[in-house]
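Text of the file target_14.txt, holding compact mmCIF, C-alpha atoms and all ligand atoms:
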# COMPACT_ATOMS: atom_id res chain seq x y z
CA MET A 1 94.73 60.25 33.14
CA ASN A 2 90.98 60.19 32.55
CA GLU A 3 90.98 56.52 31.50
CA PRO A 4 88.69 54.24 33.55
CA ILE A 5 90.34 52.50 36.50
CA PRO A 6 89.84 48.78 37.27
CA GLY A 7 86.51 48.24 39.02
CA LYS A 8 88.23 45.84 41.42
CA GLU A 9 90.48 48.57 42.76
CA MET A 10 87.49 50.82 43.35
CA PHE A 11 85.46 48.10 45.10
CA ASP A 12 88.40 46.88 47.18
CA ALA A 13 89.29 50.40 48.32
CA LEU A 14 85.69 51.22 49.27
CA MET A 15 84.78 47.88 50.89
CA ASP A 16 83.15 48.60 54.27
CA LYS A 17 83.78 52.34 54.05
CA GLY A 18 80.06 53.16 54.31
CA VAL A 19 79.94 54.19 50.67
CA ILE A 20 77.52 53.28 47.90
CA ILE A 21 79.17 53.95 44.54
CA LEU A 22 76.87 55.70 42.08
CA ALA A 23 76.71 53.48 38.99
CA ALA A 24 75.10 55.67 36.37
CA ASN A 25 73.55 53.96 33.38
CA VAL A 26 73.35 56.73 30.82
CA ARG A 27 71.37 55.61 27.80
CA VAL A 28 71.49 59.14 26.40
CA THR A 29 74.94 60.55 27.00
CA PRO A 30 75.00 64.11 25.55
CA GLY A 31 75.15 66.55 28.45
CA VAL A 32 74.23 63.93 31.05
CA ALA A 33 77.59 62.17 31.28
CA ARG A 34 79.44 65.47 31.65
CA GLY A 35 77.06 66.65 34.37
CA ILE A 36 77.57 63.46 36.40
CA PHE A 37 81.35 63.66 36.02
CA ARG A 38 81.36 67.29 37.15
CA ALA A 39 79.36 66.41 40.27
CA ALA A 40 81.72 63.51 41.03
CA LYS A 41 84.72 65.81 40.62
CA ASP A 42 83.31 68.62 42.76
CA LEU A 43 82.34 66.19 45.54
CA ASP A 44 85.45 63.99 45.24
CA SER A 45 83.29 60.94 44.63
CA ALA A 46 84.17 57.70 42.88
CA VAL A 47 81.68 56.98 40.11
CA MET A 48 80.88 54.18 37.68
CA PHE A 49 79.32 54.42 34.26
CA GLU A 50 77.53 51.31 33.12
CA ILE A 51 75.39 49.95 30.33
CA ALA A 52 73.62 46.58 30.00
CA MET A 53 73.89 43.97 27.26
CA SER A 54 70.31 44.54 26.11
CA GLU A 55 71.00 48.26 25.75
CA CYS A 56 74.39 48.17 24.09
CA ASN A 57 75.87 45.28 22.12
CA LEU A 58 77.42 44.34 18.79
CA ASP A 59 74.00 44.82 17.17
CA TYR A 60 73.70 48.27 18.76
CA GLY A 61 71.19 47.19 21.45
CA TYR A 62 68.10 49.28 22.08
CA THR A 63 70.06 52.46 22.73
CA GLY A 64 71.73 52.36 19.30
CA MET A 65 75.22 51.96 20.78
CA ARG A 66 77.96 49.36 20.53
CA PRO A 67 80.36 48.97 23.49
CA CYS A 68 82.96 51.13 21.70
CA ASP A 69 80.38 53.89 21.12
CA TYR A 70 79.39 54.07 24.79
CA SER A 71 83.02 53.86 25.88
CA ASP A 72 84.04 56.67 23.50
CA GLN A 73 81.24 58.95 24.65
CA ILE A 74 81.92 58.43 28.35
CA LYS A 75 85.69 58.78 27.90
CA GLU A 76 85.19 62.01 25.99
CA ALA A 77 83.11 63.41 28.86
CA ALA A 78 85.78 62.29 31.39
CA GLU A 79 88.42 64.10 29.37
CA GLN A 80 86.37 67.28 29.11
CA VAL A 81 85.85 67.31 32.85
CA GLU A 82 89.34 65.92 33.55
CA TYR A 83 88.22 63.30 36.00
CA ASP A 84 90.21 60.27 37.13
CA ILE A 85 88.36 58.06 39.65
CA TRP A 86 85.79 56.30 37.52
CA ALA A 87 85.19 52.80 36.16
CA LEU A 88 83.39 51.53 33.08
CA HIS A 89 81.04 48.68 33.92
CA ALA A 90 79.40 46.17 31.59
CA ASP A 91 76.08 45.53 33.32
CA HIS A 92 73.79 42.49 32.98
CA ILE A 93 75.76 40.27 30.63
CA THR A 94 72.68 38.09 30.63
CA LEU A 95 72.43 34.40 29.83
CA LYS A 96 68.80 33.45 29.73
CA LYS A 97 69.25 29.86 28.57
CA GLY A 98 72.87 28.95 29.16
CA THR A 99 73.03 27.10 25.84
CA PRO A 100 76.33 26.97 23.89
CA ASP A 101 74.94 29.71 21.60
CA ASP A 102 74.05 31.85 24.58
CA VAL A 103 77.55 31.46 26.04
CA GLU A 104 79.22 32.12 22.69
CA ASN A 105 77.15 35.27 22.24
CA ALA A 106 78.15 36.53 25.68
CA LYS A 107 81.81 35.85 24.92
CA ARG A 108 81.67 37.85 21.68
CA LEU A 109 80.15 40.74 23.60
CA ILE A 110 82.84 40.48 26.30
CA ASP A 111 85.52 40.55 23.57
CA ALA A 112 84.06 43.82 22.28
CA GLN A 113 83.75 45.27 25.78
CA ILE A 114 87.36 44.44 26.63
CA GLU A 115 88.45 45.93 23.32
CA ALA A 116 86.43 49.06 24.18
CA GLY A 117 88.18 49.38 27.54
CA PHE A 118 85.51 48.29 30.02
CA THR A 119 87.06 47.76 33.47
CA SER A 120 84.25 45.97 35.29
CA TYR A 121 81.79 43.19 34.36
CA ALA A 122 78.47 41.87 35.66
CA ILE A 123 77.63 38.32 34.70
CA ASP A 124 73.93 37.64 35.05
CA ALA A 125 72.99 33.97 34.86
CA SER A 126 70.25 34.37 37.48
CA TYR A 127 67.64 33.07 35.03
CA LEU A 128 69.29 29.65 35.20
CA TYR A 129 67.97 29.03 38.71
CA ASP A 130 66.44 25.56 38.64
CA VAL A 131 63.07 25.80 40.37
CA THR A 132 62.54 22.03 40.12
CA GLN A 133 65.35 21.44 42.64
CA SER A 134 64.51 21.67 46.34
CA ASP A 135 68.17 21.64 47.34
CA LEU A 136 69.63 25.16 47.02
CA LYS A 137 73.01 23.98 45.87
CA ALA A 138 71.44 21.99 43.07
CA ALA A 139 69.12 24.85 42.13
CA LEU A 140 72.10 27.22 41.83
CA ALA A 141 74.43 24.77 40.08
CA ARG A 142 73.85 26.04 36.53
CA ASN A 143 74.23 29.68 37.53
CA ILE A 144 77.52 28.85 39.29
CA GLU A 145 78.76 26.83 36.34
CA ILE A 146 77.99 29.43 33.66
CA THR A 147 79.14 32.38 35.81
CA THR A 148 82.42 30.54 36.41
CA GLU A 149 82.96 29.88 32.73
CA LEU A 150 82.45 33.52 31.79
CA ALA A 151 84.44 34.94 34.69
CA LYS A 152 87.37 32.71 33.71
CA TYR A 153 86.97 33.85 30.14
CA ILE A 154 87.21 37.53 31.15
CA GLU A 155 90.21 36.73 33.34
CA THR A 156 92.05 35.05 30.49
CA LYS A 157 91.25 37.86 28.06
CA MET A 158 92.22 40.61 30.51
CA GLY A 159 95.63 39.02 31.16
CA ASP A 160 97.23 40.64 34.21
CA GLU A 161 94.81 43.54 34.29
CA PRO A 162 92.49 43.48 37.35
CA PHE A 163 88.79 44.02 36.71
CA GLY A 164 85.60 44.48 38.69
CA LEU A 165 83.32 41.45 38.92
CA GLU A 166 79.64 41.50 39.81
CA VAL A 167 77.56 38.32 39.78
CA GLU A 168 73.83 37.83 40.16
CA VAL A 169 72.07 35.31 42.35
CA GLY A 170 68.44 36.46 42.18
CA GLU A 171 66.52 37.76 39.21
CA ILE A 172 65.81 41.49 39.73
CA GLY A 173 62.12 42.32 39.98
CA LYS A 174 60.93 38.69 39.85
CA LYS A 175 57.46 38.18 41.32
CA ASN A 176 55.24 35.24 42.19
CA GLU A 177 51.68 34.95 43.60
CA SER A 178 52.82 36.29 46.97
CA GLY A 179 54.80 39.27 45.63
CA HIS A 180 58.50 39.89 45.06
CA VAL A 181 60.76 36.85 45.21
CA LEU A 182 63.59 37.65 47.61
CA THR A 183 67.11 36.23 47.76
CA THR A 184 67.78 34.53 51.08
CA PRO A 185 71.06 34.88 53.03
CA GLU A 186 71.64 31.15 52.66
CA GLU A 187 71.23 31.32 48.90
CA ALA A 188 73.71 34.20 48.61
CA VAL A 189 76.32 32.38 50.71
CA ILE A 190 75.98 29.10 48.82
CA PHE A 191 76.28 30.94 45.53
CA VAL A 192 79.41 32.94 46.42
CA LYS A 193 81.06 29.96 48.10
CA GLY A 194 80.35 27.87 45.01
CA LEU A 195 82.09 30.47 42.85
CA ASN A 196 85.03 30.80 45.25
CA LYS A 197 85.47 27.03 45.14
CA ASN A 198 85.92 27.38 41.38
CA GLY A 199 88.51 30.14 41.86
CA VAL A 200 86.11 32.99 41.03
CA TYR A 201 86.10 35.91 43.47
CA PRO A 202 83.47 38.56 42.74
CA GLN A 203 83.46 41.81 44.74
CA VAL A 204 79.78 42.52 44.19
CA LEU A 205 76.59 40.48 44.29
CA ALA A 206 73.26 41.48 42.80
CA ILE A 207 70.32 40.04 44.71
CA ALA A 208 66.55 40.10 44.34
CA ASN A 209 65.41 42.33 47.20
CA GLY A 210 62.13 43.79 46.05
CA ALA A 211 63.41 46.39 43.59
CA SER A 212 62.27 46.53 39.97
CA HIS A 213 64.03 48.06 36.98
CA GLY A 214 62.63 51.22 35.41
CA ASN A 215 59.59 53.35 36.15
CA ILE A 216 56.76 51.99 38.30
CA TYR A 217 53.06 52.83 37.86
CA ASP A 218 49.89 52.35 39.90
CA GLU A 219 46.72 50.72 38.53
CA HIS A 220 45.67 54.08 37.00
CA GLY A 221 48.93 54.48 35.13
CA ASN A 222 50.33 57.15 37.45
CA LEU A 223 54.06 57.15 38.07
CA VAL A 224 54.69 56.15 41.70
CA GLU A 225 57.65 56.03 44.05
CA GLN A 226 59.42 52.76 44.74
CA VAL A 227 59.34 51.77 48.39
CA SER A 228 59.36 47.99 47.91
CA ILE A 229 63.07 47.37 48.59
CA ASP A 230 63.30 45.03 51.57
CA ILE A 231 65.97 46.63 53.77
CA PRO A 232 66.04 44.02 56.61
CA GLN A 233 66.46 41.20 54.07
CA THR A 234 69.26 43.12 52.33
CA LYS A 235 71.05 43.63 55.65
CA ALA A 236 70.59 39.95 56.49
CA VAL A 237 72.21 38.90 53.21
CA ALA A 238 75.17 41.25 53.77
CA LYS A 239 75.58 39.98 57.33
CA ALA A 240 75.60 36.36 56.15
CA LEU A 241 78.28 37.20 53.58
CA ARG A 242 80.40 38.89 56.27
CA ASP A 243 79.84 36.13 58.83
CA ASN A 244 81.13 33.64 56.29
CA GLY A 245 84.23 35.72 55.63
CA LEU A 246 83.22 36.50 52.06
CA ASN A 247 84.54 39.82 50.74
CA VAL A 248 81.48 40.51 48.66
CA ARG A 249 78.97 43.31 49.12
CA ILE A 250 75.66 44.02 47.43
CA ALA A 251 74.70 45.92 44.29
CA GLN A 252 71.33 47.65 44.46
CA HIS A 253 69.67 47.52 41.07
CA GLY A 254 66.62 49.50 39.99
CA ILE A 255 66.98 52.58 42.18
CA THR A 256 64.94 54.88 39.92
CA GLY A 257 61.84 56.05 41.77
CA THR A 258 63.22 55.41 45.25
CA PRO A 259 62.92 58.63 47.31
CA ARG A 260 66.37 60.03 47.97
CA GLU A 261 65.56 60.81 51.61
CA LEU A 262 64.88 57.09 52.04
CA ILE A 263 68.19 56.21 50.40
CA ASN A 264 69.91 58.76 52.63
CA THR A 265 68.41 57.50 55.87
CA VAL A 266 67.66 53.78 55.53
CA PHE A 267 69.81 52.29 52.76
CA PRO A 268 72.52 50.21 54.47
CA LYS A 269 75.65 51.91 53.14
CA GLY A 270 78.55 49.52 53.18
CA ASP A 271 76.21 46.53 52.93
CA LEU A 272 75.33 48.05 49.60
CA ILE A 273 78.49 49.04 47.73
CA LYS A 274 77.04 49.87 44.31
CA GLY A 275 73.83 51.71 43.46
CA ASN A 276 72.56 51.46 39.89
CA VAL A 277 70.64 54.45 38.58
CA GLY A 278 69.48 54.23 34.97
CA THR A 279 65.96 55.16 33.97
CA PHE A 280 66.17 58.24 36.22
CA TRP A 281 68.59 59.88 33.75
CA GLN A 282 66.41 58.95 30.80
CA ASN A 283 63.46 60.60 32.58
CA ILE A 284 65.47 63.83 32.93
CA VAL A 285 66.32 63.79 29.25
CA LEU A 286 62.70 63.32 28.21
CA ASP A 287 61.43 66.01 30.57
CA THR A 288 63.98 68.41 29.13
CA TYR A 289 63.03 67.54 25.56
CA LYS A 290 59.42 68.51 26.33
CA VAL A 291 60.59 72.12 26.51
CA TYR A 292 63.79 72.24 24.45
CA GLN A 293 63.00 69.64 21.76
CA PRO A 294 59.18 69.45 21.60
CA GLU A 295 59.19 68.03 18.06
CA LEU A 296 61.59 65.25 18.96
CA TYR A 297 59.62 64.48 22.11
CA LYS A 298 56.36 64.39 20.18
CA ASP A 299 57.82 62.05 17.56
CA MET A 300 59.28 59.70 20.17
CA TYR A 301 55.98 59.68 22.04
CA ALA A 302 53.96 58.87 18.92
CA TRP A 303 56.43 56.18 17.78
CA THR A 304 56.40 54.47 21.18
CA LEU A 305 52.61 54.46 21.51
CA GLN A 306 52.05 53.29 17.97
CA LYS A 307 54.38 50.37 18.52
CA TYR A 308 53.65 49.41 22.13
CA LYS A 309 50.04 50.43 22.82
CA PRO A 310 48.62 47.38 20.96
CA LYS A 311 50.92 45.11 22.98
CA ASN A 312 49.66 46.58 26.27
CA PRO A 313 45.86 46.59 26.13
CA GLY A 314 44.16 48.41 28.98
CA LYS A 315 47.30 50.27 30.04
CA ALA A 316 47.31 54.09 30.22
CA ASP A 317 49.28 55.93 27.50
CA ASN A 318 51.51 57.43 30.15
CA GLU A 319 52.59 54.01 31.40
CA VAL A 320 53.03 52.52 27.93
CA PHE A 321 55.26 55.46 27.04
CA GLY A 322 57.25 55.48 30.29
CA LYS A 323 58.00 51.78 30.13
CA ASN A 324 58.76 51.48 26.43
CA VAL A 325 60.25 54.78 25.29
CA LYS A 326 63.70 53.25 25.82
CA TYR A 327 63.12 51.34 22.59
CA ALA A 328 62.78 54.65 20.73
CA LEU A 329 66.36 55.63 21.60
CA LYS A 330 67.84 53.66 18.72
CA GLU A 331 65.20 54.85 16.25
CA TYR A 332 65.91 58.51 17.11
CA TYR A 333 69.63 58.12 17.78
CA ASP A 334 70.83 60.70 15.25
CA ARG A 335 68.39 63.38 16.38
CA ILE A 336 69.13 62.66 20.07
CA HIS A 337 72.85 62.97 19.43
CA GLY A 338 72.38 66.05 17.29
CA VAL A 339 70.45 68.24 19.74
CA ASP A 340 71.67 71.83 20.08
CA GLU A 341 74.04 73.22 22.67
CA GLU A 342 71.22 74.89 24.60
CA THR A 343 69.58 71.50 25.22
CA THR A 344 72.84 69.80 26.15
CA ALA A 345 73.80 72.61 28.52
CA SER A 346 70.49 72.29 30.37
CA LEU A 347 70.80 68.51 30.53
CA GLU A 348 74.29 68.89 31.92
CA ALA A 349 73.10 71.29 34.63
CA LEU A 350 70.22 69.03 35.63
CA ALA A 351 72.35 65.87 35.65
CA TYR A 352 74.97 67.73 37.69
CA ALA A 353 72.46 68.76 40.35
CA GLU A 354 70.75 65.37 40.55
CA ALA A 355 74.07 63.50 40.68
CA ARG A 356 75.08 65.69 43.62
CA VAL A 357 71.95 64.61 45.50
CA PHE A 358 72.63 60.93 44.75
CA ILE A 359 76.26 61.22 45.84
CA LYS A 360 75.12 62.86 49.09
CA ALA A 361 72.42 60.23 49.72
CA PHE A 362 74.88 57.41 48.87
CA GLY A 363 77.46 58.69 51.38
CA SER A 364 79.99 58.79 48.56
CA LYS A 365 81.45 62.28 49.05
CA GLY A 366 85.22 62.02 49.53
CA SER A 367 85.33 58.42 48.29
CA ALA A 368 87.54 59.28 45.30
CA SER A 369 90.41 60.23 47.60
CA ILE A 370 90.13 56.89 49.41
CA VAL A 371 90.46 55.09 46.06
CA ARG A 372 93.28 57.39 44.91
CA ASP A 373 95.26 56.75 48.10
CA ALA A 374 94.71 52.99 47.90
CA MET A 375 95.94 52.95 44.31
CA LYS A 376 99.17 54.77 45.26
CA LYS A 377 100.12 51.98 47.67
ZN ZN B 401 69.92 45.84 36.84
What is this file in structure tokens?
Amino acid sequence: MNEPIPGKEMFDALMDKGVIILAANVRVTPGVARGIFRAAKDLDSAVMFEIAMSECNLDYGYTGMRPCDYSDQIKEAAEQVEYDIWALHADHITLKKGTPDDVENAKRLIDAQIEAGFTSYAIDASYLYDVTQSDLKAALARNIEITTELAKYIETKMGDEPFGLEVEVGEIGKKNESGHVLTTPEEAVIFVKGLNKNGVYPQVLAIANGASHGNIYDEHGNLVEQVSIDIPQTKAVAKALRDNGLNVRIAQHGITGTPRELINTVFPKGDLIKGNVGTFWQNIVLDTYKVYQPELYKDMYAWTLQKYKPKNPGKADNEVFGKNVKYALKEYYDRIHGVDEETTASLEALAYAEARVFIKAFGSKGSASIVRDAMKK
């Protein structure tokens, strides 16, 4: 009870049920994790908690957490709320070079994540796309090779235990002269088929579809909404996967800033099976600190600007702060994790309310029962 369930069982049970699973990346857990769990419980929604390699690793990442720290904090919240249908996802296990060192490093992280009880893994070798190759198969060969090696590694280490597997074909947020680089249906199919041929069967595929990670700003440094996700292209990729008999659906990365009414009305639920929301929760925490922890907020603001303003000439303070404050989380870890009960209670209430809206917009209400029933069989 209250331990994370295998991501595979969640994905399999919710495949083509018109549900996007909320995958909450909670860089600051106090209050927030409990609020999200409470919303999931009240609305009978499956939920995932995730954290990326850059944020949380054996060297504490930029959030100041190791995999066991994140796992402990999320499990504690699950126990307090007494919630069962959730999975713990290791997001963006990234291999930028694919060198033996790179692979070894990823394996050490995976060891720690398995030890910490993660039940789902995202291997991201999308950077290894070979732009010099005109043939898609050749361009994707390195990504397929490295993703296979790591997926097999997880499989061996997990023994008989099933686990969730997400793989990544297009680099999220990548741009060229003509704008966002988008994953084509053909590319997605070649990639998944290549993995299947090697005996690797992911349930989820991350694609480049116009979304970017984190907060987005206009040329004046004002925070703006994200409306760049290419819905027709996303649908086309999902259709190609289905038409080829591949049991893989899409993970939407970088949802922060996307208007929820848009998610509710135009996001293709079912084509998308997983919706990653990260920076959104960090924004709530910082907004709350402005009132409840003004000293902490002021110190984090000053630290971030002092460190990142010189690296971003010509950018407004607001933007420099919004894009780089994540790096202050490790520096201020003890103060963040030592905030008073009044602050945590407010964070919990806000996270609860916002998670409810996401679960509604994602069509995920009632999804926990579907998973529960499938697991009984
Ligand atoms: Zn992502």
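Proximity ranking of A:Ile190, A:Leu347, A:Ile255, A:Ala138 relative to Ala23 of chain A places A:Ile255 first, based on only C-alpha atoms.
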Box for segment 80-87 of chain A: with edges along x, y and z, all listed atoms inside and 5 Å added on each side, what are the centre and edge lengths in Å to one decimal, as JSON?
{"center_x": 87.7, "center_y": 60.1, "center_z": 34.4, "size_x": 15.0, "size_y": 24.5, "size_z": 20.5}
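We find atom CA of Val167 of chain A and atom CA of Val189 of chain A to be spaced 12.5 Å apart.
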* To do: Find the residue from A:Gln306, A:Gln293, A:Asn209, A:Thr183 that sits nearest to Gly338 of chain A; use all atoms listed in the file when measuring.
  =>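 Nearest to Gly338 of chain A: A:Gln293.
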Counting only C-alpha atoms, which residues come within 10 Å of (79.1, 64.7, 37.5), with the point read in the file's coordinates, and could you list them as a PDB file with C-alpha atoms, in the frame of the given file?
ATOM      1  CA  ALA A  24      75.100  55.670  36.370  1.00  0.00           C
ATOM      2  CA  VAL A  32      74.230  63.930  31.050  1.00  0.00           C
ATOM      3  CA  ALA A  33      77.590  62.170  31.280  1.00  0.00           C
ATOM      4  CA  ARG A  34      79.440  65.470  31.650  1.00  0.00           C
ATOM      5  CA  GLY A  35      77.060  66.650  34.370  1.00  0.00           C
ATOM      6  CA  ILE A  36      77.570  63.460  36.400  1.00  0.00           C
ATOM      7  CA  PHE A  37      81.350  63.660  36.020  1.00  0.00           C
ATOM      8  CA  ARG A  38      81.360  67.290  37.150  1.00  0.00           C
ATOM      9  CA  ALA A  39      79.360  66.410  40.270  1.00  0.00           C
ATOM     10  CA  ALA A  40      81.720  63.510  41.030  1.00  0.00           C
ATOM     11  CA  LYS A  41      84.720  65.810  40.620  1.00  0.00           C
ATOM     12  CA  ASP A  42      83.310  68.620  42.760  1.00  0.00           C
ATOM     13  CA  LEU A  43      82.340  66.190  45.540  1.00  0.00           C
ATOM     14  CA  SER A  45      83.290  60.940  44.630  1.00  0.00           C
ATOM     15  CA  VAL A  47      81.680  56.980  40.110  1.00  0.00           C
ATOM     16  CA  ALA A  77      83.110  63.410  28.860  1.00  0.00           C
ATOM     17  CA  ALA A  78      85.780  62.290  31.390  1.00  0.00           C
ATOM     18  CA  VAL A  81      85.850  67.310  32.850  1.00  0.00           C
ATOM     19  CA  TYR A  83      88.220  63.300  36.000  1.00  0.00           C
ATOM     20  CA  GLU A 348      74.290  68.890  31.920  1.00  0.00           C
ATOM     21  CA  ALA A 349      73.100  71.290  34.630  1.00  0.00           C
ATOM     22  CA  ALA A 351      72.350  65.870  35.650  1.00  0.00           C
ATOM     23  CA  TYR A 352      74.970  67.730  37.690  1.00  0.00           C
ATOM     24  CA  ALA A 353      72.460  68.760  40.350  1.00  0.00           C
ATOM     25  CA  GLU A 354      70.750  65.370  40.550  1.00  0.00           C
ATOM     26  CA  ALA A 355      74.070  63.500  40.680  1.00  0.00           C
ATOM     27  CA  ARG A 356      75.080  65.690  43.620  1.00  0.00           C
ATOM     28  CA  ILE A 359      76.260  61.220  45.840  1.00  0.00           C
TER      29      ILE A 359
END
Quick one: contact table of chain A to ligand ZN 401 (chain B), 7 Å max, nearest atom pair and distance in Å to one decimal per residue, counting all atoms listed in the file, chain and number order, as a tab-separated table?
residue	atom	partner	partner_atom	distance
A:His92	CA	B:ZN401	ZN	6.4
A:Ile172	CA	B:ZN401	ZN	6.6
A:His213	CA	B:ZN401	ZN	6.3
A:His253	CA	B:ZN401	ZN	4.6
A:Gly254	CA	B:ZN401	ZN	5.8
A:Asn276	CA	B:ZN401	ZN	6.9
* **Polymer residues at most 9 Å from (75.4, 38.3, 42.3) by only C-alpha atoms, as a ChimeraX atom specification** => /A:122-126,166-170,188,191-192,202,204-207,250-251
* **Which residue of A:Met65, A:Pro6, A:Ala361, A:Val266 approaches Met158 of chain A most closely, using all atoms listed in the file** =>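 For Met158 of chain A, the nearest of the given residues is A:Pro6.
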With N, CA and C atoms retained, output segment 175-189 of chain A as an mmCIF file, in the first residue's frame.
data_model
loop_
_atom_site.group_PDB
_atom_site.id
_atom_site.type_symbol
_atom_site.label_atom_id
_atom_site.label_comp_id
_atom_site.auth_asym_id
_atom_site.auth_seq_id
_atom_site.Cartn_x
_atom_site.Cartn_y
_atom_site.Cartn_z
ATOM 1 N N LYS A 175 15.135 24.220 -32.016
ATOM 2 C CA LYS A 175 14.721 25.161 -33.056
ATOM 3 C C LYS A 175 15.792 25.276 -34.128
ATOM 4 N N ASN A 176 15.369 25.628 -35.332
ATOM 5 C CA ASN A 176 16.322 26.005 -36.383
ATOM 6 C C ASN A 176 15.861 27.338 -36.981
ATOM 7 N N GLU A 177 16.442 27.737 -38.125
ATOM 8 C CA GLU A 177 16.116 29.057 -38.710
ATOM 9 C C GLU A 177 14.608 29.221 -38.932
ATOM 10 N N SER A 178 13.931 28.102 -39.250
ATOM 11 C CA SER A 178 12.510 28.242 -39.590
ATOM 12 C C SER A 178 11.583 27.942 -38.406
ATOM 13 N N GLY A 179 12.128 27.870 -37.204
ATOM 14 C CA GLY A 179 11.281 27.671 -36.024
ATOM 15 C C GLY A 179 11.520 26.327 -35.371
ATOM 16 N N HIS A 180 10.488 25.819 -34.673
ATOM 17 C CA HIS A 180 10.619 24.549 -33.967
ATOM 18 C C HIS A 180 10.832 23.387 -34.935
ATOM 19 N N VAL A 181 11.770 22.518 -34.585
ATOM 20 C CA VAL A 181 11.977 21.291 -35.356
ATOM 21 C C VAL A 181 10.940 20.282 -34.880
ATOM 22 N N LEU A 182 10.181 19.715 -35.779
ATOM 23 C CA LEU A 182 9.116 18.791 -35.398
ATOM 24 C C LEU A 182 9.433 17.353 -35.808
ATOM 25 N N THR A 183 9.068 16.419 -34.932
ATOM 26 C CA THR A 183 9.210 14.996 -35.259
ATOM 27 C C THR A 183 8.166 14.618 -36.293
ATOM 28 N N THR A 184 8.587 13.890 -37.320
ATOM 29 C CA THR A 184 7.633 13.451 -38.341
ATOM 30 C C THR A 184 7.073 12.074 -37.977
ATOM 31 N N PRO A 185 5.886 11.739 -38.496
ATOM 32 C CA PRO A 185 5.317 10.412 -38.241
ATOM 33 C C PRO A 185 6.266 9.303 -38.676
ATOM 34 N N GLU A 186 6.905 9.485 -39.812
ATOM 35 C CA GLU A 186 7.816 8.480 -40.347
ATOM 36 C C GLU A 186 8.983 8.208 -39.390
ATOM 37 N N GLU A 187 9.525 9.313 -38.877
ATOM 38 C CA GLU A 187 10.634 9.238 -37.932
ATOM 39 C C GLU A 187 10.243 8.437 -36.679
ATOM 40 N N ALA A 188 9.061 8.743 -36.153
ATOM 41 C CA ALA A 188 8.582 8.079 -34.935
ATOM 42 C C ALA A 188 8.430 6.583 -35.175
ATOM 43 N N VAL A 189 7.871 6.229 -36.331
ATOM 44 C CA VAL A 189 7.627 4.808 -36.643
ATOM 45 C C VAL A 189 8.953 4.060 -36.830
#
